[in-house]
Protein chains: 2
Amino acid sequence: MVITIDGSSADPIYLQLRGQIISAIASGELSPGDPLPSVRSLASDLGINLHTVNKAYAVLRDEGYLIMRGRAGAVVADRGLASVRRAHEEQGERMVETLRRLALAHRARGGSYEEFMTEAAAAADDAFAQDEGAAPRGEEN
Amino acid sequence: MVITIDGSSADPIYLQLRGQIISAIASGELSPGDPLPSVRSLASDLGINLHTVNKAYAVLRDEGYLIMRGRAGAVVADRGLASVRRAHEEQGERMVETLRRLALAHRARGGSYEEFMTEAAAAADDAFAQDEGAAPRGEEN
DNA sequence: GTGTATTTGTTCGTATGTATT
DNA sequence: TAATACATACGAACAAATACA
């Protein structure tokens, strides 16, 4: 699980962290139950403040991607939990709303229905490209 | 062109304005060349500050949806203009990036490829539902 | 034509809250 | 918790164009 921080990016650090952790979960590099580094160690590794890592973890918890157990550390959430399901549903609704806005803006630019769907398919292809079963216990991707 | 402001919304006023104007352009209710209300009159109608309207217009200009000609007022941008094309291309790249992030998060939640594409199609259906030819002066493309 | 009032977007400053670290 | 920066919304005043008596 290699994480890199771009200090010159427009995105705040905690969102960069969030994105890369989500990406790792999506690809299967991190599976439900897997532990994450402590906020202190990760902050130290990346050379950033522990508050920043903590914020990223907290956001991921609110969105249903992580479970935070205080001193016991953070782990990737099990999707069976009711609270996690609820959070994921909320995220799903956000996604729908965002898709709607994207499609509207696309049309306002003169784009076509087919163009939009082509781009959506490309994004999905990209996100689902890395095979889930390939990295059971591996590192380095 | 009915615009409504929700003061209790989480979205800032100028973004609510932006969204509704984009929606009007997408549906063909507003066509390239059509004039928009002056910032003062629209602000007065909505009971908000002229700066807030001006900000909405300014971001829409930056994104290539409007042309602002100072005192001559703002009009819906003609998509043939080079500067507009450039802005729209940039918006398109943003859309692709957002789609990628949405798809990744969707998969991290345990969602499937097909689910994502179904939601994307629903959003596109929604955005392209209102037929362009029904508007008083709709054409182009 | 001249002077005045009106309308336009812009400039500058301010208050308040939120975000980020 | 606190510091610092940024975002949001507003108000007063400005300069230029327009309308009109």
# chains A, B, ... in the order shown; residues from 1 in each chain; ligands from 1

$ residues_around --residues "C:DT20" --least-positions-apart "2" --cutoff "10 Å" --atoms "only C-alpha atoms (C1' of nucleotides)" --output "list in words"
Pro12, Ile13, Tyr14, His51, Thr52 and Lys55 of chain A; DT18 of chain C; DT4, DA5 and DC6 of chain D

$ calpha_fit_rmsd --fixed "chain B" --moving "chain A"
3.0 Å

$ residues_around --residues "D:DC10" --least-positions-apart "6" --cutoff "12 Å" --atoms "only C-alpha atoms (C1' of nucleotides)" --output "VMD selection string"
(chain B and resid 43 47 to 53) or (chain C and resid 13 to 16)

$ interface_residues --of "chain D" --to "chain B" --cutoff "10 Å" --atoms "only C-alpha atoms (C1' of nucleotides)" --output "ChimeraX atom specification"
/D:7-11,16-17

$ closest_atom_pairs --of "chain A" --to "chain B" --cutoff "6 Å" --atoms "only C-alpha atoms" --output "Markdown table"
| residue | atom | partner | partner_atom | distance |
| --- | --- | --- | --- | --- |
| A:Ile25 | CA | B:Ala108 | CA | 5.2 |
| A:Ala26 | CA | B:Ala108 | CA | 3.9 |
| A:Leu99 | CA | B:Ala123 | CA | 5.7 |
| A:Arg100 | CA | B:Ala123 | CA | 4.5 |
| A:Ala103 | CA | B:Ala124 | CA | 5.5 |
| A:Leu104 | CA | B:Ala127 | CA | 5.0 |
| A:Arg107 | CA | B:Ala26 | CA | 5.1 |
| A:Ala108 | CA | B:Ala26 | CA | 3.8 |
| A:Ala123 | CA | B:Arg100 | CA | 4.6 |
| A:Ala124 | CA | B:Ala103 | CA | 5.4 |
| A:Ala127 | CA | B:Leu104 | CA | 5.0 |

$ write_last_selection --atoms "all heavy atoms" --output "tab-separated table (two decimals), in the first residue's frame"
chain	number	residue	atom	x	y	z
A	25	ILE	N	-9.02	-0.03	-1.63
A	25	ILE	CA	-10.15	-0.90	-1.28
A	25	ILE	C	-10.84	-1.39	-2.55
A	25	ILE	O	-11.17	-2.58	-2.68
A	25	ILE	CB	-11.16	-0.17	-0.37
A	25	ILE	CG1	-10.50	0.24	0.96
A	25	ILE	CG2	-12.38	-1.05	-0.10
A	25	ILE	CD1	-11.39	1.09	1.85
A	26	ALA	N	-11.00	-0.51	-3.49
A	26	ALA	CA	-11.68	-0.87	-4.74
A	26	ALA	C	-10.93	-1.97	-5.47
A	26	ALA	O	-11.53	-2.91	-5.99
A	26	ALA	CB	-11.83	0.36	-5.63
A	99	LEU	N	-23.90	12.18	-10.67
A	99	LEU	CA	-24.02	11.73	-12.05
A	99	LEU	C	-25.04	12.58	-12.80
A	99	LEU	O	-24.83	12.97	-13.96
A	99	LEU	CB	-24.45	10.25	-12.09
A	99	LEU	CG	-23.36	9.23	-11.75
A	99	LEU	CD1	-23.96	7.84	-11.60
A	99	LEU	CD2	-22.28	9.23	-12.83
A	100	ARG	N	-26.12	12.89	-12.13
A	100	ARG	CA	-27.15	13.71	-12.75
A	100	ARG	C	-26.60	15.08	-13.14
A	100	ARG	O	-26.83	15.59	-14.24
A	100	ARG	CB	-28.33	13.90	-11.78
A	100	ARG	CG	-29.64	13.29	-12.25
A	100	ARG	CD	-30.70	13.44	-11.19
A	100	ARG	NE	-30.73	14.78	-10.62
A	100	ARG	CZ	-31.41	15.80	-11.16
A	100	ARG	NH1	-32.11	15.62	-12.26
A	100	ARG	NH2	-31.40	16.98	-10.60
A	103	ALA	N	-24.20	14.83	-16.07
A	103	ALA	CA	-24.89	14.61	-17.35
A	103	ALA	C	-25.54	15.91	-17.83
A	103	ALA	O	-25.49	16.23	-19.02
A	103	ALA	CB	-25.93	13.51	-17.20
A	104	LEU	N	-26.14	16.64	-16.92
A	104	LEU	CA	-26.76	17.92	-17.28
A	104	LEU	C	-25.72	18.89	-17.84
A	104	LEU	O	-25.92	19.51	-18.89
A	104	LEU	CB	-27.44	18.55	-16.06
A	104	LEU	CG	-28.92	18.27	-15.88
A	104	LEU	CD1	-29.41	18.87	-14.58
A	104	LEU	CD2	-29.71	18.85	-17.05
A	107	ARG	N	-24.62	17.91	-21.27
A	107	ARG	CA	-25.57	18.28	-22.32
A	107	ARG	C	-25.54	19.78	-22.57
A	107	ARG	O	-25.63	20.23	-23.72
A	107	ARG	CB	-26.99	17.86	-21.92
A	107	ARG	CG	-27.98	18.13	-23.02
A	107	ARG	CD	-29.41	17.77	-22.65
A	107	ARG	NE	-30.30	18.05	-23.78
A	107	ARG	CZ	-31.63	18.00	-23.72
A	107	ARG	NH1	-32.22	17.67	-22.57
A	107	ARG	NH2	-32.36	18.27	-24.77
A	108	ALA	N	-25.40	20.56	-21.50
A	108	ALA	CA	-25.34	22.03	-21.65
A	108	ALA	C	-24.14	22.44	-22.50
A	108	ALA	O	-24.15	23.48	-23.15
A	108	ALA	CB	-25.28	22.70	-20.28
A	123	ALA	N	-14.71	5.13	-17.58
A	123	ALA	CA	-14.38	5.29	-16.16
A	123	ALA	C	-14.60	3.98	-15.41
A	123	ALA	O	-13.78	3.58	-14.57
A	123	ALA	CB	-15.22	6.40	-15.56
A	124	ALA	N	-15.71	3.31	-15.71
A	124	ALA	CA	-16.01	2.05	-15.04
A	124	ALA	C	-14.98	0.98	-15.43
A	124	ALA	O	-14.50	0.23	-14.57
A	124	ALA	CB	-17.42	1.59	-15.40
A	127	ALA	N	-11.98	1.63	-13.40
A	127	ALA	CA	-12.12	1.33	-11.98
A	127	ALA	C	-12.17	-0.17	-11.72
A	127	ALA	O	-11.70	-0.65	-10.69
A	127	ALA	CB	-13.37	2.00	-11.41

$ residues_around --residues "C:DT10" --least-positions-apart "4" --cutoff "9 Å" --atoms "only C-alpha atoms (C1' of nucleotides)" --output "list in words"
Gly70 of chain B; DC14 and DA15 of chain D

$ select_by_dssp --residues "stretch 44-120 of chain A" --states "strand (DSSP E or B)" --output "list in words"
Leu66, Ile67, Met68, Ala74, Val75 and Val76 of chain A

$ write_last_selection --atoms "C-alpha atoms" --output "PDB file, in the first residue's frame"
ATOM      1  CA  LEU A  66     -13.527   2.234   7.602  1.00  0.00           C
ATOM      2  CA  ILE A  67     -14.262   1.259  11.150  1.00  0.00           C
ATOM      3  CA  MET A  68     -12.363   3.190  13.780  1.00  0.00           C
ATOM      4  CA  ALA A  74      -8.751   1.418  12.021  1.00  0.00           C
ATOM      5  CA  VAL A  75      -9.812  -1.468   9.797  1.00  0.00           C
ATOM      6  CA  VAL A  76     -11.554  -1.710   6.454  1.00  0.00           C
TER       7      VAL A  76
END

$ closest_residue --among "B:Glu93, B:Pro37, B:Arg61, B:Met1" --to "chain C" --atoms "only C-alpha atoms (C1' of nucleotides)"
B:Pro37

$ interface_residues --of "chain C" --to "chain B" --cutoff "10 Å" --atoms "only C-alpha atoms (C1' of nucleotides)" --output "number ranges by chain"
C: 7-10

$ write_last_selection --atoms "N, CA and C atoms (P, O5', C5', C4', C3', O3' and C1' of nucleotides)" --output "PDB file, in the first residue's frame"
ATOM      1  P    DT C   7     -33.391  52.914 -12.838  1.00  0.00           P
ATOM      2  O5'  DT C   7     -32.249  52.141 -13.633  1.00  0.00           O
ATOM      3  C5'  DT C   7     -32.273  52.145 -15.053  1.00  0.00           C
ATOM      4  C4'  DT C   7     -31.027  51.470 -15.579  1.00  0.00           C
ATOM      5  C3'  DT C   7     -30.620  50.223 -14.784  1.00  0.00           C
ATOM      6  O3'  DT C   7     -30.452  49.119 -15.667  1.00  0.00           O
ATOM      7  C1'  DT C   7     -28.763  51.687 -15.042  1.00  0.00           C
ATOM      8  P    DT C   8     -30.137  47.704 -15.082  1.00  0.00           P
ATOM      9  O5'  DT C   8     -28.579  47.538 -15.303  1.00  0.00           O
ATOM     10  C5'  DT C   8     -28.077  47.392 -16.637  1.00  0.00           C
ATOM     11  C4'  DT C   8     -26.588  47.563 -16.657  1.00  0.00           C
ATOM     12  C3'  DT C   8     -25.814  46.672 -15.705  1.00  0.00           C
ATOM     13  O3'  DT C   8     -25.604  45.394 -16.281  1.00  0.00           O
ATOM     14  C1'  DT C   8     -24.906  48.878 -15.756  1.00  0.00           C
ATOM     15  P    DG C   9     -25.214  44.163 -15.421  1.00  0.00           P
ATOM     16  O5'  DG C   9     -23.634  44.323 -15.250  1.00  0.00           O
ATOM     17  C5'  DG C   9     -22.810  44.273 -16.402  1.00  0.00           C
ATOM     18  C4'  DG C   9     -21.420  44.783 -16.061  1.00  0.00           C
ATOM     19  C3'  DG C   9     -20.611  43.881 -15.123  1.00  0.00           C
ATOM     20  O3'  DG C   9     -19.262  43.824 -15.561  1.00  0.00           O
ATOM     21  C1'  DG C   9     -20.827  46.027 -14.167  1.00  0.00           C
ATOM     22  P    DT C  10     -18.193  43.045 -14.712  1.00  0.00           P
ATOM     23  O5'  DT C  10     -17.488  44.199 -13.853  1.00  0.00           O
ATOM     24  C5'  DT C  10     -16.906  45.313 -14.525  1.00  0.00           C
ATOM     25  C4'  DT C  10     -16.137  46.170 -13.536  1.00  0.00           C
ATOM     26  C3'  DT C  10     -15.199  45.403 -12.608  1.00  0.00           C
ATOM     27  O3'  DT C  10     -13.948  46.085 -12.555  1.00  0.00           O
ATOM     28  C1'  DT C  10     -16.658  46.757 -11.332  1.00  0.00           C
TER      29       DT C  10
END

$ decode --residues "chain C" --atoms "N, CA, C and O atoms (P, O5', C5', C4', C3', O3' and C1' of nucleotides)" --output "tab-separated table (two decimals), in the first residue's frame"
chain	number	residue	atom	x	y	z
C	1	DG	P	-26.32	70.15	-31.35
C	1	DG	O5'	-25.64	69.21	-30.22
C	1	DG	C5'	-24.43	69.54	-29.71
C	1	DG	C4'	-24.54	70.58	-28.60
C	1	DG	C3'	-23.85	70.21	-27.31
C	1	DG	O3'	-23.56	71.39	-26.58
C	1	DG	C1'	-26.19	70.23	-26.94
C	2	DT	P	-22.58	71.40	-25.35
C	2	DT	O5'	-23.60	71.28	-24.15
C	2	DT	C5'	-24.58	72.31	-23.97
C	2	DT	C4'	-25.20	72.18	-22.59
C	2	DT	C3'	-24.32	71.48	-21.55
C	2	DT	O3'	-24.38	72.19	-20.34
C	2	DT	C1'	-26.41	70.38	-21.74
C	3	DG	P	-23.57	71.71	-19.07
C	3	DG	O5'	-24.75	71.05	-18.21
C	3	DG	C5'	-25.93	71.82	-17.96
C	3	DG	C4'	-26.88	71.02	-17.10
C	3	DG	C3'	-26.23	70.29	-15.93
C	3	DG	O3'	-27.07	70.37	-14.79
C	3	DG	C1'	-27.28	68.72	-17.36
C	4	DT	P	-26.64	69.73	-13.41
C	4	DT	O5'	-27.65	68.51	-13.31
C	4	DT	C5'	-29.03	68.72	-13.57
C	4	DT	C4'	-29.77	67.39	-13.58
C	4	DT	C3'	-29.36	66.44	-12.46
C	4	DT	O3'	-30.51	66.02	-11.74
C	4	DT	C1'	-29.34	65.33	-14.56
C	5	DA	P	-30.35	65.11	-10.46
C	5	DA	O5'	-31.00	63.74	-10.95
C	5	DA	C5'	-32.20	63.80	-11.73
C	5	DA	C4'	-32.50	62.42	-12.30
C	5	DA	C3'	-32.24	61.29	-11.31
C	5	DA	O3'	-33.32	60.35	-11.39
C	5	DA	C1'	-30.96	60.93	-13.24
C	6	DT	P	-33.34	59.06	-10.49
C	6	DT	O5'	-32.94	57.91	-11.51
C	6	DT	C5'	-33.56	57.89	-12.79
C	6	DT	C4'	-33.01	56.73	-13.61
C	6	DT	C3'	-32.77	55.45	-12.81
C	6	DT	O3'	-33.35	54.35	-13.49
C	6	DT	C1'	-30.82	56.03	-14.02
C	7	DT	P	-33.39	52.91	-12.84
C	7	DT	O5'	-32.25	52.14	-13.63
C	7	DT	C5'	-32.27	52.14	-15.05
C	7	DT	C4'	-31.03	51.47	-15.58
C	7	DT	C3'	-30.62	50.22	-14.78
C	7	DT	O3'	-30.45	49.12	-15.67
C	7	DT	C1'	-28.76	51.69	-15.04
C	8	DT	P	-30.14	47.70	-15.08
C	8	DT	O5'	-28.58	47.54	-15.30
C	8	DT	C5'	-28.08	47.39	-16.64
C	8	DT	C4'	-26.59	47.56	-16.66
C	8	DT	C3'	-25.81	46.67	-15.70
C	8	DT	O3'	-25.60	45.39	-16.28
C	8	DT	C1'	-24.91	48.88	-15.76
C	9	DG	P	-25.21	44.16	-15.42
C	9	DG	O5'	-23.63	44.32	-15.25
C	9	DG	C5'	-22.81	44.27	-16.40
C	9	DG	C4'	-21.42	44.78	-16.06
C	9	DG	C3'	-20.61	43.88	-15.12
C	9	DG	O3'	-19.26	43.82	-15.56
C	9	DG	C1'	-20.83	46.03	-14.17
C	10	DT	P	-18.19	43.05	-14.71
C	10	DT	O5'	-17.49	44.20	-13.85
C	10	DT	C5'	-16.91	45.31	-14.53
C	10	DT	C4'	-16.14	46.17	-13.54
C	10	DT	C3'	-15.20	45.40	-12.61
C	10	DT	O3'	-13.95	46.09	-12.55
C	10	DT	C1'	-16.66	46.76	-11.33
C	11	DT	P	-12.69	45.39	-11.92
C	11	DT	O5'	-12.39	46.28	-10.61
C	11	DT	C5'	-12.49	47.70	-10.68
C	11	DT	C4'	-12.44	48.26	-9.26
C	11	DT	C3'	-11.55	47.50	-8.28
C	11	DT	O3'	-10.65	48.40	-7.67
C	11	DT	C1'	-13.68	47.86	-7.34
C	12	DC	P	-9.44	47.88	-6.78
C	12	DC	O5'	-9.98	48.08	-5.30
C	12	DC	C5'	-10.40	49.38	-4.88
C	12	DC	C4'	-11.13	49.28	-3.56
C	12	DC	C3'	-10.43	48.39	-2.52
C	12	DC	O3'	-10.04	49.18	-1.41
C	12	DC	C1'	-12.78	47.97	-2.63
C	13	DG	P	-9.23	48.53	-0.21
C	13	DG	O5'	-10.38	48.28	0.88
C	13	DG	C5'	-11.30	49.33	1.18
C	13	DG	C4'	-12.42	48.79	2.05
C	13	DG	C3'	-11.95	47.89	3.20
C	13	DG	O3'	-12.50	48.35	4.41
C	13	DG	C1'	-13.68	46.82	1.97
C	14	DT	P	-12.10	47.60	5.78
C	14	DT	O5'	-13.36	46.67	6.05
C	14	DT	C5'	-14.68	47.22	5.94
C	14	DT	C4'	-15.71	46.18	6.32
C	14	DT	C3'	-15.29	45.29	7.50
C	14	DT	O3'	-16.38	45.17	8.39
C	14	DT	C1'	-15.95	43.97	5.66
C	15	DA	P	-16.12	44.81	9.92
C	15	DA	O5'	-17.16	43.64	10.12
C	15	DA	C5'	-18.47	43.77	9.58
C	15	DA	C4'	-19.08	42.39	9.38
C	15	DA	C3'	-18.75	41.42	10.51
C	15	DA	O3'	-19.96	40.85	10.97
C	15	DA	C1'	-18.23	40.46	8.40
C	16	DT	P	-19.93	40.00	12.32
C	16	DT	O5'	-20.03	38.51	11.79
C	16	DT	C5'	-20.97	38.20	10.76
C	16	DT	C4'	-20.62	36.86	10.17
C	16	DT	C3'	-20.17	35.82	11.20
C	16	DT	O3'	-21.15	34.81	11.26
C	16	DT	C1'	-18.85	35.76	9.22
C	17	DG	P	-21.00	33.65	12.40
C	17	DG	O5'	-20.63	32.37	11.53
C	17	DG	C5'	-21.36	32.11	10.33
C	17	DG	C4'	-20.51	31.28	9.39
C	17	DG	C3'	-20.03	29.96	10.01
C	17	DG	O3'	-20.50	28.88	9.20
C	17	DG	C1'	-18.24	31.10	8.93
C	18	DT	P	-20.38	27.39	9.76
C	18	DT	O5'	-19.25	26.78	8.82
C	18	DT	C5'	-19.33	27.02	7.42
C	18	DT	C4'	-18.02	26.66	6.76
C	18	DT	C3'	-17.46	25.29	7.20
C	18	DT	O3'	-17.18	24.54	6.03
C	18	DT	C1'	-15.79	26.97	7.34
C	19	DA	P	-16.60	23.02	6.18
C	19	DA	O5'	-15.18	23.12	5.46
C	19	DA	C5'	-14.74	24.37	4.94
C	19	DA	C4'	-13.35	24.23	4.39
C	19	DA	C3'	-12.74	22.84	4.49
C	19	DA	O3'	-11.76	22.74	3.48
C	19	DA	C1'	-11.64	24.29	6.01
C	20	DT	P	-11.05	21.32	3.14
C	20	DT	O5'	-9.62	21.43	3.81
C	20	DT	C5'	-8.79	22.53	3.43
C	20	DT	C4'	-7.63	22.67	4.38
C	20	DT	C3'	-6.97	21.35	4.79
C	20	DT	O3'	-5.68	21.31	4.19
C	20	DT	C1'	-7.22	22.85	6.64
C	21	DT	P	-4.80	19.97	4.23
C	21	DT	O5'	-3.89	20.25	5.50
C	21	DT	C5'	-3.19	21.49	5.57
C	21	DT	C4'	-2.69	21.72	6.97
C	21	DT	C3'	-2.02	20.51	7.61
C	21	DT	O3'	-0.61	20.73	7.66
C	21	DT	C1'	-3.42	21.68	9.15
